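Next comes coords-v9.txt, with compact mmCIF, C-alpha atoms.
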# COMPACT_ATOMS: atom_id res chain seq x y z
CA MET A 1 0.00 0.00 0.00
CA SER A 2 1.58 3.23 -1.09
CA ALA A 3 1.14 6.37 0.94
CA PRO A 4 0.40 9.59 -0.92
CA LEU A 5 3.24 11.92 -1.73
CA VAL A 6 2.61 15.31 -0.23
CA PRO A 7 4.86 18.32 0.12
CA HIS A 8 7.60 17.88 2.72
CA ASN A 9 6.76 21.19 4.21
CA ASP A 10 5.19 21.30 7.63
CA GLU A 11 3.46 24.58 6.92
CA GLU A 12 1.85 23.25 3.71
CA LEU A 13 0.88 19.98 5.40
CA ARG A 14 -0.69 21.86 8.30
CA ARG A 15 -2.58 24.07 5.90
CA ARG A 16 -3.94 21.08 3.99
CA ARG A 17 -4.98 19.25 7.15
CA ARG A 18 -6.66 22.40 8.43
CA ARG A 19 -8.62 22.74 5.19
CA ASN A 20 -9.62 19.06 5.36
CA ASN A 21 -10.78 19.49 8.95
CA ILE A 22 -12.85 22.53 8.03
CA ALA A 23 -14.38 20.62 5.10
CA LEU A 24 -15.21 17.68 7.38
CA GLY A 25 -16.72 20.07 9.93
CA LEU A 26 -18.92 21.58 7.23
CA VAL A 27 -20.05 18.11 6.13
CA LEU A 28 -20.97 17.22 9.73
CA GLY A 29 -22.81 20.55 10.13
CA ALA A 30 -24.72 19.83 6.91
CA LEU A 31 -25.67 16.38 8.28
CA VAL A 32 -27.04 17.99 11.46
CA ILE A 33 -29.18 20.38 9.40
CA LEU A 34 -30.26 17.49 7.16
CA PHE A 35 -31.44 15.39 10.12
CA TYR A 36 -33.16 18.40 11.67
CA LEU A 37 -35.09 19.14 8.45
CA LEU A 38 -35.86 15.46 7.96
CA THR A 39 -37.31 15.20 11.46
CA VAL A 40 -39.45 18.31 11.01
CA VAL A 41 -40.78 17.13 7.64
CA LYS A 42 -41.39 13.55 8.83
CA MET A 43 -43.28 14.65 11.93
CA GLY A 44 -45.24 17.30 10.07
CA PRO A 45 -47.71 19.44 12.05
CA ALA A 46 -47.48 16.90 14.88
CA ILE A 47 -44.19 18.49 15.86
CA PHE A 48 -46.22 21.30 17.53
CA THR A 49 -48.50 18.89 19.39
CA THR A 50 -47.78 18.41 23.06
CA ARG A 51 -49.59 15.73 24.97
CA ASP A 52 -49.93 15.48 28.69
CA LEU A 53 -49.67 11.89 29.69
CA MET B 1 7.55 16.70 -11.51
CA ALA B 2 8.68 13.14 -10.91
CA PHE B 3 7.60 11.65 -7.62
CA VAL B 4 10.48 9.50 -6.51
CA ASP B 5 11.23 7.96 -3.15
CA ASP B 6 14.45 9.86 -2.61
CA SER B 7 12.84 13.21 -3.35
CA LYS B 8 13.58 15.70 -0.63
CA ASP B 9 10.61 17.84 -1.49
CA TYR B 10 7.92 15.23 -1.00
CA ILE B 11 7.14 12.70 1.73
CA ALA B 12 4.43 10.06 2.09
CA THR B 13 1.87 11.17 4.63
CA ALA B 14 -1.74 10.10 5.17
CA GLY B 15 -4.27 12.89 5.51
CA GLY B 16 -2.14 15.26 3.44
CA ALA B 17 -4.36 15.29 0.38
CA ARG B 18 -6.37 18.32 -0.62
CA VAL B 19 -10.15 18.43 -0.29
CA GLU B 20 -10.41 18.33 -4.10
CA ASP B 21 -8.59 14.99 -4.14
CA TYR B 22 -11.17 13.41 -1.84
CA VAL B 23 -13.96 14.92 -3.95
CA ALA B 24 -12.33 13.46 -7.09
CA LEU B 25 -12.67 10.00 -5.50
CA LEU B 26 -16.44 10.38 -5.80
CA LYS B 27 -16.24 10.71 -9.61
CA PRO B 28 -18.18 13.99 -9.82
CA ARG B 29 -18.72 13.74 -13.57
CA VAL B 30 -20.34 10.32 -13.34
CA MET B 31 -22.27 11.63 -10.36
CA SER B 32 -23.74 14.48 -12.41
CA LEU B 33 -25.36 12.03 -14.85
CA VAL B 34 -26.60 9.91 -11.94
CA VAL B 35 -28.12 12.97 -10.26
CA PHE B 36 -29.75 14.08 -13.48
CA THR B 37 -31.39 10.70 -14.26
CA ALA B 38 -32.38 10.19 -10.62
CA ILE B 39 -34.11 13.60 -10.55
CA ILE B 40 -36.03 12.71 -13.70
CA GLY B 41 -37.08 9.35 -12.17
CA LEU B 42 -38.19 11.13 -9.01
CA LEU B 43 -40.17 13.78 -10.88
CA LEU B 44 -41.82 11.36 -13.33
CA ALA B 45 -43.08 9.09 -10.55
CA PRO B 46 -46.77 9.45 -9.77
CA GLY B 47 -47.78 11.01 -6.47
CA GLY B 48 -45.02 13.45 -5.74
CA VAL B 49 -42.90 13.87 -2.67
CA ASN B 50 -42.13 16.58 -0.12
CA PRO B 51 -39.42 18.81 -1.68
CA VAL B 52 -37.11 18.41 1.34
CA ILE B 53 -37.43 14.62 1.16
CA GLY B 54 -36.88 14.81 -2.61
CA VAL B 55 -33.65 16.79 -2.21
CA ILE B 56 -32.41 14.42 0.51
CA ALA B 57 -33.22 11.41 -1.70
CA ILE B 58 -31.24 12.86 -4.63
CA LEU B 59 -28.36 13.73 -2.30
CA CYS B 60 -28.32 10.15 -0.98
CA ILE B 61 -28.32 8.69 -4.49
CA ALA B 62 -25.47 11.05 -5.47
CA ILE B 63 -23.37 10.21 -2.39
CA GLY B 64 -24.11 6.50 -2.83
CA ALA B 65 -22.90 6.72 -6.45
CA GLY B 66 -19.85 8.64 -5.20
CA GLY B 67 -19.14 5.96 -2.61
CA SER B 68 -19.24 3.23 -5.24
CA GLY B 69 -16.93 5.39 -7.39
CA ALA B 70 -14.42 5.60 -4.53
CA LEU B 71 -14.61 1.81 -4.01
CA ASN B 72 -14.02 1.37 -7.74
CA MET B 73 -10.94 3.63 -7.60
CA TRP B 74 -9.66 1.79 -4.52
CA TYR B 75 -9.88 -1.58 -6.25
CA ASP B 76 -8.78 -0.43 -9.71
CA ALA B 77 -5.76 1.66 -8.71
CA ASP B 78 -3.39 -0.88 -10.32
CA ILE B 79 -4.98 -0.67 -13.77
CA ASP B 80 -5.83 3.04 -13.51
CA ARG B 81 -2.08 3.65 -13.21
CA ILE B 82 -1.54 2.19 -16.69
CA MET B 83 -4.28 3.97 -18.69
CA SER B 84 -3.73 7.57 -19.80
CA ARG B 85 -7.40 8.42 -19.14
CA THR B 86 -7.16 7.36 -15.48
CA ALA B 87 -3.47 7.74 -14.57
CA ASN B 88 -4.12 11.09 -12.93
CA ARG B 89 -6.80 9.78 -10.54
CA PRO B 90 -6.11 10.45 -6.83
CA ILE B 91 -4.67 7.01 -5.94
CA PRO B 92 -2.44 6.26 -8.96
CA SER B 93 -1.07 9.81 -8.88
CA GLY B 94 -0.19 9.31 -5.21
CA ARG B 95 -2.37 12.05 -3.73
CA VAL B 96 -4.67 9.77 -1.70
CA THR B 97 -3.85 6.44 -0.01
CA PRO B 98 -5.83 3.32 -0.98
CA GLY B 99 -6.90 3.02 2.67
CA GLU B 100 -8.34 6.53 2.64
CA ALA B 101 -10.23 5.80 -0.59
CA LEU B 102 -11.67 2.59 0.89
CA ALA B 103 -12.80 4.48 4.01
CA VAL B 104 -14.42 7.26 1.97
CA GLY B 105 -16.16 4.66 -0.21
CA LEU B 106 -17.52 2.61 2.68
CA ILE B 107 -18.64 5.62 4.73
CA CYS B 108 -20.41 7.31 1.80
CA SER B 109 -22.09 4.03 0.80
CA GLY B 110 -23.25 3.18 4.33
CA PHE B 111 -24.54 6.64 5.20
CA SER B 112 -26.32 7.19 1.89
CA VAL B 113 -28.24 3.89 2.10
CA ALA B 114 -29.19 4.40 5.77
CA ILE B 115 -30.35 8.00 5.29
CA LEU B 116 -32.26 7.19 2.09
CA GLY B 117 -34.06 4.41 3.96
CA LEU B 118 -34.94 6.70 6.88
CA ALA B 119 -35.98 9.61 4.67
CA THR B 120 -37.98 7.74 2.02
CA ASN B 121 -38.51 3.98 2.14
CA TRP B 122 -36.50 0.78 2.32
CA VAL B 123 -37.30 -0.32 -1.24
CA ALA B 124 -35.38 2.72 -2.53
CA ALA B 125 -32.62 2.13 0.03
CA ALA B 126 -32.34 -1.55 -0.94
CA LEU B 127 -32.12 -0.57 -4.61
CA LEU B 128 -29.34 1.91 -3.81
CA ALA B 129 -27.46 -0.69 -1.75
CA PHE B 130 -27.82 -3.19 -4.58
CA THR B 131 -26.57 -0.61 -7.11
CA ILE B 132 -23.45 0.11 -5.03
CA PHE B 133 -22.83 -3.63 -4.56
CA PHE B 134 -23.39 -4.26 -8.26
CA TYR B 135 -20.94 -1.54 -9.35
CA ALA B 136 -18.24 -2.13 -6.75
CA VAL B 137 -18.33 -5.93 -6.53
CA ILE B 138 -20.04 -7.47 -9.56
CA TYR B 139 -18.68 -4.98 -12.12
CA THR B 140 -15.39 -3.68 -10.70
CA MET B 141 -14.08 -6.76 -8.91
CA TRP B 142 -15.45 -9.44 -11.16
CA LEU B 143 -16.76 -8.62 -14.64
CA LYS B 144 -14.47 -5.76 -15.66
CA ARG B 145 -11.34 -7.89 -15.73
CA SER B 146 -12.86 -11.16 -16.82
CA THR B 147 -15.27 -10.71 -19.73
CA PRO B 148 -15.62 -8.49 -22.81
CA GLN B 149 -19.32 -8.29 -21.92
CA ASN B 150 -18.22 -6.38 -18.79
CA ILE B 151 -19.94 -3.12 -19.58
CA VAL B 152 -23.12 -4.75 -20.92
CA ILE B 153 -23.91 -6.29 -17.54
CA GLY B 154 -22.05 -3.68 -15.49
CA GLY B 155 -24.07 -0.99 -17.24
CA ALA B 156 -26.99 -2.02 -15.06
CA ALA B 157 -25.33 -0.17 -12.17
CA GLY B 158 -25.53 3.11 -14.09
CA ALA B 159 -29.11 2.38 -15.10
CA PHE B 160 -30.54 2.03 -11.60
CA PRO B 161 -30.55 5.72 -10.45
CA PRO B 162 -33.85 6.75 -12.15
CA MET B 163 -35.42 3.59 -10.71
CA ILE B 164 -34.19 4.56 -7.24
CA GLY B 165 -35.54 8.09 -7.70
CA TRP B 166 -38.89 6.63 -8.75
CA ALA B 167 -38.94 4.16 -5.84
CA ALA B 168 -38.13 6.99 -3.41
CA VAL B 169 -41.55 8.44 -4.29
CA THR B 170 -43.71 5.35 -4.86
CA GLY B 171 -41.94 2.70 -2.77
CA ASP B 172 -42.24 0.18 -5.58
CA ILE B 173 -40.82 -0.94 -8.92
CA THR B 174 -43.23 -0.54 -11.82
CA LEU B 175 -43.12 -0.81 -15.63
CA PRO B 176 -42.33 2.88 -16.38
CA SER B 177 -39.37 2.87 -13.98
CA VAL B 178 -38.13 -0.37 -15.54
CA ILE B 179 -38.28 1.36 -18.95
CA LEU B 180 -36.13 4.24 -17.65
CA PHE B 181 -33.69 1.57 -16.47
CA LEU B 182 -33.83 -0.20 -19.83
CA ILE B 183 -33.03 2.94 -21.86
CA ILE B 184 -29.80 3.60 -19.89
CA PHE B 185 -28.96 -0.11 -19.79
CA LEU B 186 -29.15 -0.37 -23.60
CA TRP B 187 -27.38 2.97 -24.07
CA THR B 188 -24.30 1.86 -22.12
CA PRO B 189 -22.79 -0.68 -24.59
CA PRO B 190 -22.70 1.57 -27.70
CA HIS B 191 -21.49 4.47 -25.53
CA PHE B 192 -18.58 2.62 -23.94
CA TRP B 193 -17.65 0.51 -26.93
CA ALA B 194 -17.33 3.73 -28.96
CA LEU B 195 -14.94 4.95 -26.26
CA ALA B 196 -13.12 1.61 -26.24
CA LEU B 197 -12.67 1.79 -30.03
CA TYR B 198 -10.65 4.99 -29.88
CA LYS B 199 -8.93 4.17 -26.58
CA GLN B 200 -8.12 0.56 -27.53
CA GLY B 201 -4.41 0.82 -26.79
CA ASP B 202 -5.10 1.93 -23.22
CA TYR B 203 -7.36 -0.99 -22.35
CA GLN B 204 -4.97 -3.41 -24.07
CA ALA B 205 -2.06 -2.13 -21.96
CA ALA B 206 -4.07 -2.46 -18.75
CA GLY B 207 -5.19 -5.99 -19.68
CA ILE B 208 -8.90 -5.17 -19.53
CA PRO B 209 -10.82 -7.43 -21.92
CA MET B 210 -12.80 -4.74 -23.76
CA LEU B 211 -14.68 -5.95 -26.82
CA PRO B 212 -12.42 -4.31 -29.47
CA ASN B 213 -9.31 -5.98 -28.01
CA VAL B 214 -10.92 -9.39 -27.62
CA ALA B 215 -13.35 -9.73 -30.53
CA GLY B 216 -11.88 -7.16 -32.93
CA GLU B 217 -13.07 -3.91 -34.44
CA ALA B 218 -15.52 -5.42 -36.92
CA ALA B 219 -17.36 -7.41 -34.24
CA THR B 220 -17.46 -4.33 -31.99
CA LYS B 221 -18.93 -2.18 -34.75
CA ASN B 222 -21.59 -4.84 -35.41
CA GLN B 223 -22.47 -4.97 -31.72
CA ILE B 224 -22.62 -1.17 -31.50
CA LEU B 225 -25.04 -1.02 -34.44
CA LEU B 226 -27.17 -3.84 -33.00
CA TYR B 227 -27.41 -2.23 -29.55
CA SER B 228 -28.08 1.19 -31.11
CA VAL B 229 -31.10 -0.22 -32.97
CA ILE B 230 -32.47 -1.87 -29.81
CA LEU B 231 -31.76 1.30 -27.82
CA VAL B 232 -33.63 3.55 -30.23
CA LEU B 233 -36.55 1.08 -30.32
CA SER B 234 -36.62 1.04 -26.51
CA THR B 235 -36.96 4.83 -26.43
CA PHE B 236 -40.29 4.42 -28.27
CA VAL B 237 -41.77 2.21 -25.53
CA PRO B 238 -42.88 5.20 -23.36
CA LEU B 239 -45.17 6.16 -26.26
CA PHE B 240 -46.83 2.75 -26.43
CA ILE B 241 -47.54 2.52 -22.72
CA HIS B 242 -48.89 6.10 -22.74
CA MET B 243 -46.17 7.29 -20.41
CA SER B 244 -45.29 10.09 -22.84
CA GLY B 245 -46.99 11.97 -25.66
CA TRP B 246 -46.17 13.37 -29.11
CA LEU B 247 -43.64 15.93 -27.91
CA TYR B 248 -41.41 13.20 -26.51
CA GLY B 249 -42.16 11.06 -29.58
CA VAL B 250 -40.90 13.72 -32.01
CA ILE B 251 -37.69 14.25 -30.03
CA ALA B 252 -37.10 10.50 -29.63
CA VAL B 253 -37.49 9.93 -33.37
CA LEU B 254 -35.20 12.81 -34.39
CA THR B 255 -32.41 12.17 -31.88
CA GLY B 256 -32.74 8.40 -32.39
CA ALA B 257 -32.30 8.82 -36.15
CA SER B 258 -29.09 10.81 -35.57
CA PHE B 259 -27.84 8.11 -33.18
CA LEU B 260 -28.47 5.41 -35.79
CA TYR B 261 -26.82 7.53 -38.49
CA LEU B 262 -23.64 7.91 -36.40
CA ALA B 263 -23.65 4.21 -35.49
CA ALA B 264 -24.07 3.30 -39.17
CA ARG B 265 -21.27 5.70 -40.16
CA LEU B 266 -18.99 4.03 -37.62
CA HIS B 267 -20.05 0.65 -38.98
CA ARG B 268 -19.05 1.66 -42.52
CA ALA B 269 -15.77 3.36 -41.54
CA SER B 270 -12.87 1.15 -42.52
CA ALA B 271 -9.75 3.35 -42.47
CA HIS B 272 -8.23 3.48 -39.01
CA LEU B 273 -8.27 7.25 -38.57
CA GLN B 274 -11.76 7.57 -40.04
CA MET B 275 -12.99 4.82 -37.72
CA LYS B 276 -11.52 6.55 -34.66
CA GLN B 277 -13.14 9.84 -35.61
CA ALA B 278 -16.49 8.15 -36.17
CA ALA B 279 -16.19 6.37 -32.81
CA ARG B 280 -15.37 9.62 -31.10
CA SER B 281 -18.35 11.45 -32.58
CA LEU B 282 -20.69 8.61 -31.58
CA PHE B 283 -19.27 8.65 -28.03
CA THR B 284 -19.71 12.43 -27.70
CA TYR B 285 -23.16 12.38 -29.26
CA SER B 286 -24.33 9.48 -27.08
CA LEU B 287 -23.76 11.59 -23.94
CA SER B 288 -26.00 14.41 -25.13
CA TYR B 289 -28.46 11.89 -26.56
CA LEU B 290 -29.19 10.37 -23.15
CA PHE B 291 -29.44 13.83 -21.64
CA VAL B 292 -31.93 14.99 -24.30
CA ILE B 293 -34.06 11.82 -24.12
CA PHE B 294 -34.49 12.16 -20.34
CA LEU B 295 -35.07 15.88 -20.59
CA ALA B 296 -37.73 15.19 -23.26
CA LEU B 297 -39.46 12.65 -20.98
CA MET B 298 -39.53 15.32 -18.27
CA THR B 299 -40.70 18.15 -20.54
CA ASP B 300 -43.42 15.97 -22.00
CA HIS B 301 -44.54 14.97 -18.50
CA VAL B 302 -44.73 18.60 -17.35
CA GLY B 303 -46.55 19.48 -20.59
CA GLN B 304 -49.12 16.75 -19.89
CA LEU B 305 -49.62 17.96 -16.31
CA LEU B 306 -50.24 21.47 -17.60
CA GLY B 307 -52.49 20.19 -20.38
CA TRP B 308 -50.22 21.39 -23.21
CA VAL B 309 -49.31 17.96 -24.52
CA ARG B 310 -51.68 15.00 -24.98

Written form, structure tokens:
Amino acid sequence: MSAPLVPHNDEELRRRRRRNNIALGLVLGALVILFYLLTVVKMGPAIFTTRDL
Amino acid sequence: MAFVDDSKDYIATAGGARVEDYVALLKPRVMSLVVFTAIIGLLLAPGGVNPVIGVIAILCIAIGAGGSGALNMWYDADIDRIMSRTANRPIPSGRVTPGEALAVGLICSGFSVAILGLATNWVAAALLAFTIFFYAVIYTMWLKRSTPQNIVIGGAAGAFPPMIGWAAVTGDITLPSVILFLIIFLWTPPHFWALALYKQGDYQAAGIPMLPNVAGEAATKNQILLYSVILVLSTFVPLFIHMSGWLYGVIAVLTGASFLYLAARLHRASAHLQMKQAARSLFTYSLSYLFVIFLALMTDHVGQLLGWVR
């Protein structure tokens, strides 16, 4: 298994990893919004119904 | 720049790829066709769906297709390295590790199937899972390297998206969705064999048994013509089952005639250069052909809903 060849430059490597982490963070944020919207749509008007049991 | 082990400028490090390299693993260009046909399947299906659910369904199908693309690149890195068309992909060019590609592929595949199932229904999710399995395992790992009929059967993987889009709305598999499948399924062989005809040397070098290398140019041209005729005939089926009206019919006849003309021209071409040019024009045309046919199905459908087309 060959590892990728990336610049031997700590600054460049750090920059790339930082960008990857930001991208991953954005993907996770998008997933949170997606699940939120999905829940609201799936529950429909019932989301505003509160029942005392 | 040559990437050599003793280079002082470059070292091998996991996680050092750029975001674009990970995105390239998902085969964005293939994904765009998948998204397009899946949207058409979703919109043509009777009943309709909540727009948010619809967008999530398309997103899942796109990510699922991307996941299978990453799995394909993970498995095919050895042959991708040899072919000029694929040598610059993230793994053979050394920008992403095979392990990273495998992880991206598995995560995208798993998440897309699970979310599609939760958002729509498990028939659509099962179809998506089957599509990913079919492309990554049946096509990539098995058929691609073992039979010249690889893309005929493997083409099914590319034909499923409109069916998944349809199933996301209706929760079932019905005749019109099977016809959408059939059109892409029959379109795949002439499309890829045209590519294989003018990229023969590449496939030969990589040891992939594409039809032109195994059966020869004449046999390939015969098969292309045969499949083109069946393809064009299949595009008329929506008319007979009253899925589409005259507007679609006119477009299907005109674009189908051009397809057959190009296939026949390729069939007649004997000189090597002339043959390659004819193969190239058929390949390029076939891409827009599929796009136009699906767009026509959609336009006709909208026209019928609005009462403009009968």

**Q.** Distance criterion (only C-alpha atoms): nearest to Pro90 (chain B) out of B:Leu42, B:Lys27, B:Ala114, B:Gly48
**A.**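 Nearest to Pro90 (chain B): B:Lys27.
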
Q. So what do you get for CA of Pro209 (chain B) versus CA of Leu143 (chain B), distance-wise?
A.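 Interatomic distance here is 9.5 Å.
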
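One finds CA of Gly158 (chain B) at 22.0 Å from CA of Leu260 (chain B).
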
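From CA of Glu100 (chain B) back to CA of Arg16 (chain A), the distance works out to 15.3 Å.
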
Q: Determine, counting only C-alpha atoms, which protein, DNA and RNA residues have an atom within 7 Å of an atom of region 194-200 of chain B; residues of the same chain fewer than 2 positions away are not included. Present the result as a list in words.
A: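 Result of the neighbour search: Pro190, His191, Phe192, Asp202, Tyr203, Gln204, Met210, Pro212, Asn213, Lys276, Ala279, Arg280, Leu282 and Phe283 of chain B.
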
Q: Identify, on the basis of only C-alpha atoms, every residue whose closest approach to Thr140 (chain B) does not exceed 8 Å; exclude the query and any residue fewer than 3 positions from it along the same chain; express the result as a PyMOL selection string.
A: chain B and resi 72+75-76+135-137+143-145

Q. So, counting all atoms listed in the file, which residue among B:Val229, B:Leu186, B:Ile293, B:Met298 is closest to Leu262 (chain B)?
A.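 Ranked by minimum distance to Leu262 (chain B), first place goes to B:Val229.
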
Leaving out Arg19 (chain A) and any residue of its chain fewer than 4 positions from it, which residues lie within 10 Å of it when counting only C-alpha atoms, given as a PDB file with C-alpha atoms, in the frame of the given file?
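The result, stored in result-v7.pdb:
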ATOM      1  CA  LEU A  13       0.880  19.980   5.400  1.00  0.00           C
ATOM      2  CA  ARG A  14      -0.690  21.860   8.300  1.00  0.00           C
ATOM      3  CA  ARG A  15      -2.580  24.070   5.900  1.00  0.00           C
ATOM      4  CA  ALA A  23     -14.380  20.620   5.100  1.00  0.00           C
ATOM      5  CA  LEU A  24     -15.210  17.680   7.380  1.00  0.00           C
ATOM      6  CA  GLY A  25     -16.720  20.070   9.930  1.00  0.00           C
TER       7      GLY A  25
ATOM      8  CA  ALA B  17      -4.360  15.290   0.380  1.00  0.00           C
ATOM      9  CA  ARG B  18      -6.370  18.320  -0.620  1.00  0.00           C
ATOM     10  CA  VAL B  19     -10.150  18.430  -0.290  1.00  0.00           C
TER      11      VAL B  19
END

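The point (-52.0, 19.2, -23.5) has these residues within 12 Å of it, counting only C-alpha atoms: Ser244, Gly245, Trp246, Leu247, Thr299, Asp300, His301, Val302, Gly303, Gln304, Leu305, Leu306, Gly307, Trp308, Val309 and Arg310 of chain B.
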
Q) Pick the closest to chain B from A:Met43, A:Val27, A:Ile33, A:Leu38: which is it, counting all atoms listed in the file? A) A:Leu38

**Q.** Ref. answer, residues at most 12 Å from (-18.2, -14.0, -25.8) with only C-alpha atoms, as a ChimeraX atom specification
**A.** /B:146-150,152,209-212,214-216,219-220,223

Which residues are near Tyr36 (chain A)? Cut-off 12 Å, all atoms listed in the file, ignore same chain within fewer than 4 positions. Put them as a short mmCIF file (atom, residue, chain, number, x, y, z; two decimals) with C-alpha atoms, in the frame of the given file.
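New file out.cif:
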data_model
loop_
_atom_site.label_atom_id
_atom_site.label_comp_id
_atom_site.auth_asym_id
_atom_site.auth_seq_id
_atom_site.Cartn_x
_atom_site.Cartn_y
_atom_site.Cartn_z
CA GLY A 29 -22.81 20.55 10.13
CA ALA A 30 -24.72 19.83 6.91
CA LEU A 31 -25.67 16.38 8.28
CA VAL A 32 -27.04 17.99 11.46
CA VAL A 40 -39.45 18.31 11.01
CA VAL A 41 -40.78 17.13 7.64
CA LYS A 42 -41.39 13.55 8.83
CA MET A 43 -43.28 14.65 11.93
CA ILE A 47 -44.19 18.49 15.86
CA VAL B 52 -37.11 18.41 1.34
CA ILE B 53 -37.43 14.62 1.16
CA ILE B 56 -32.41 14.42 0.51
CA ALA B 119 -35.98 9.61 4.67
#

Q.
Excluding Phe236 (chain B) and its own-chain neighbours fewer than 2 positions away, which residues fall within 9 Å of it when counting all atoms listed in the file? Please give them as a PyMOL selection string.
A. chain B and resi 232-234+238-240+249+252-253

Q. B:Leu266, B:Val104, B:Ile61, B:Val55: which is nearest Ile132 (chain B), counting all atoms listed in the file?
A.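 Once distances to Ile132 (chain B) are computed over all atoms listed in the file, the minimum belongs to B:Ile61.
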
**Q.** Shortest interatomic distance to chain A - which of B:Gly66, B:Gly54, B:Pro189, B:Pro176, counting only C-alpha atoms
**A.**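 Ranked by minimum distance to chain A, first place goes to B:Gly54.
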
(Q) Counting all atoms listed in the file, which residue out of A:Leu28, A:Ala46, A:Leu34, A:Ile22 sits closest to Ala57 (chain B)? (A)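 Ranking A:Leu28, A:Ala46, A:Leu34, A:Ile22 by distance to Ala57 (chain B), first place goes to A:Leu34.
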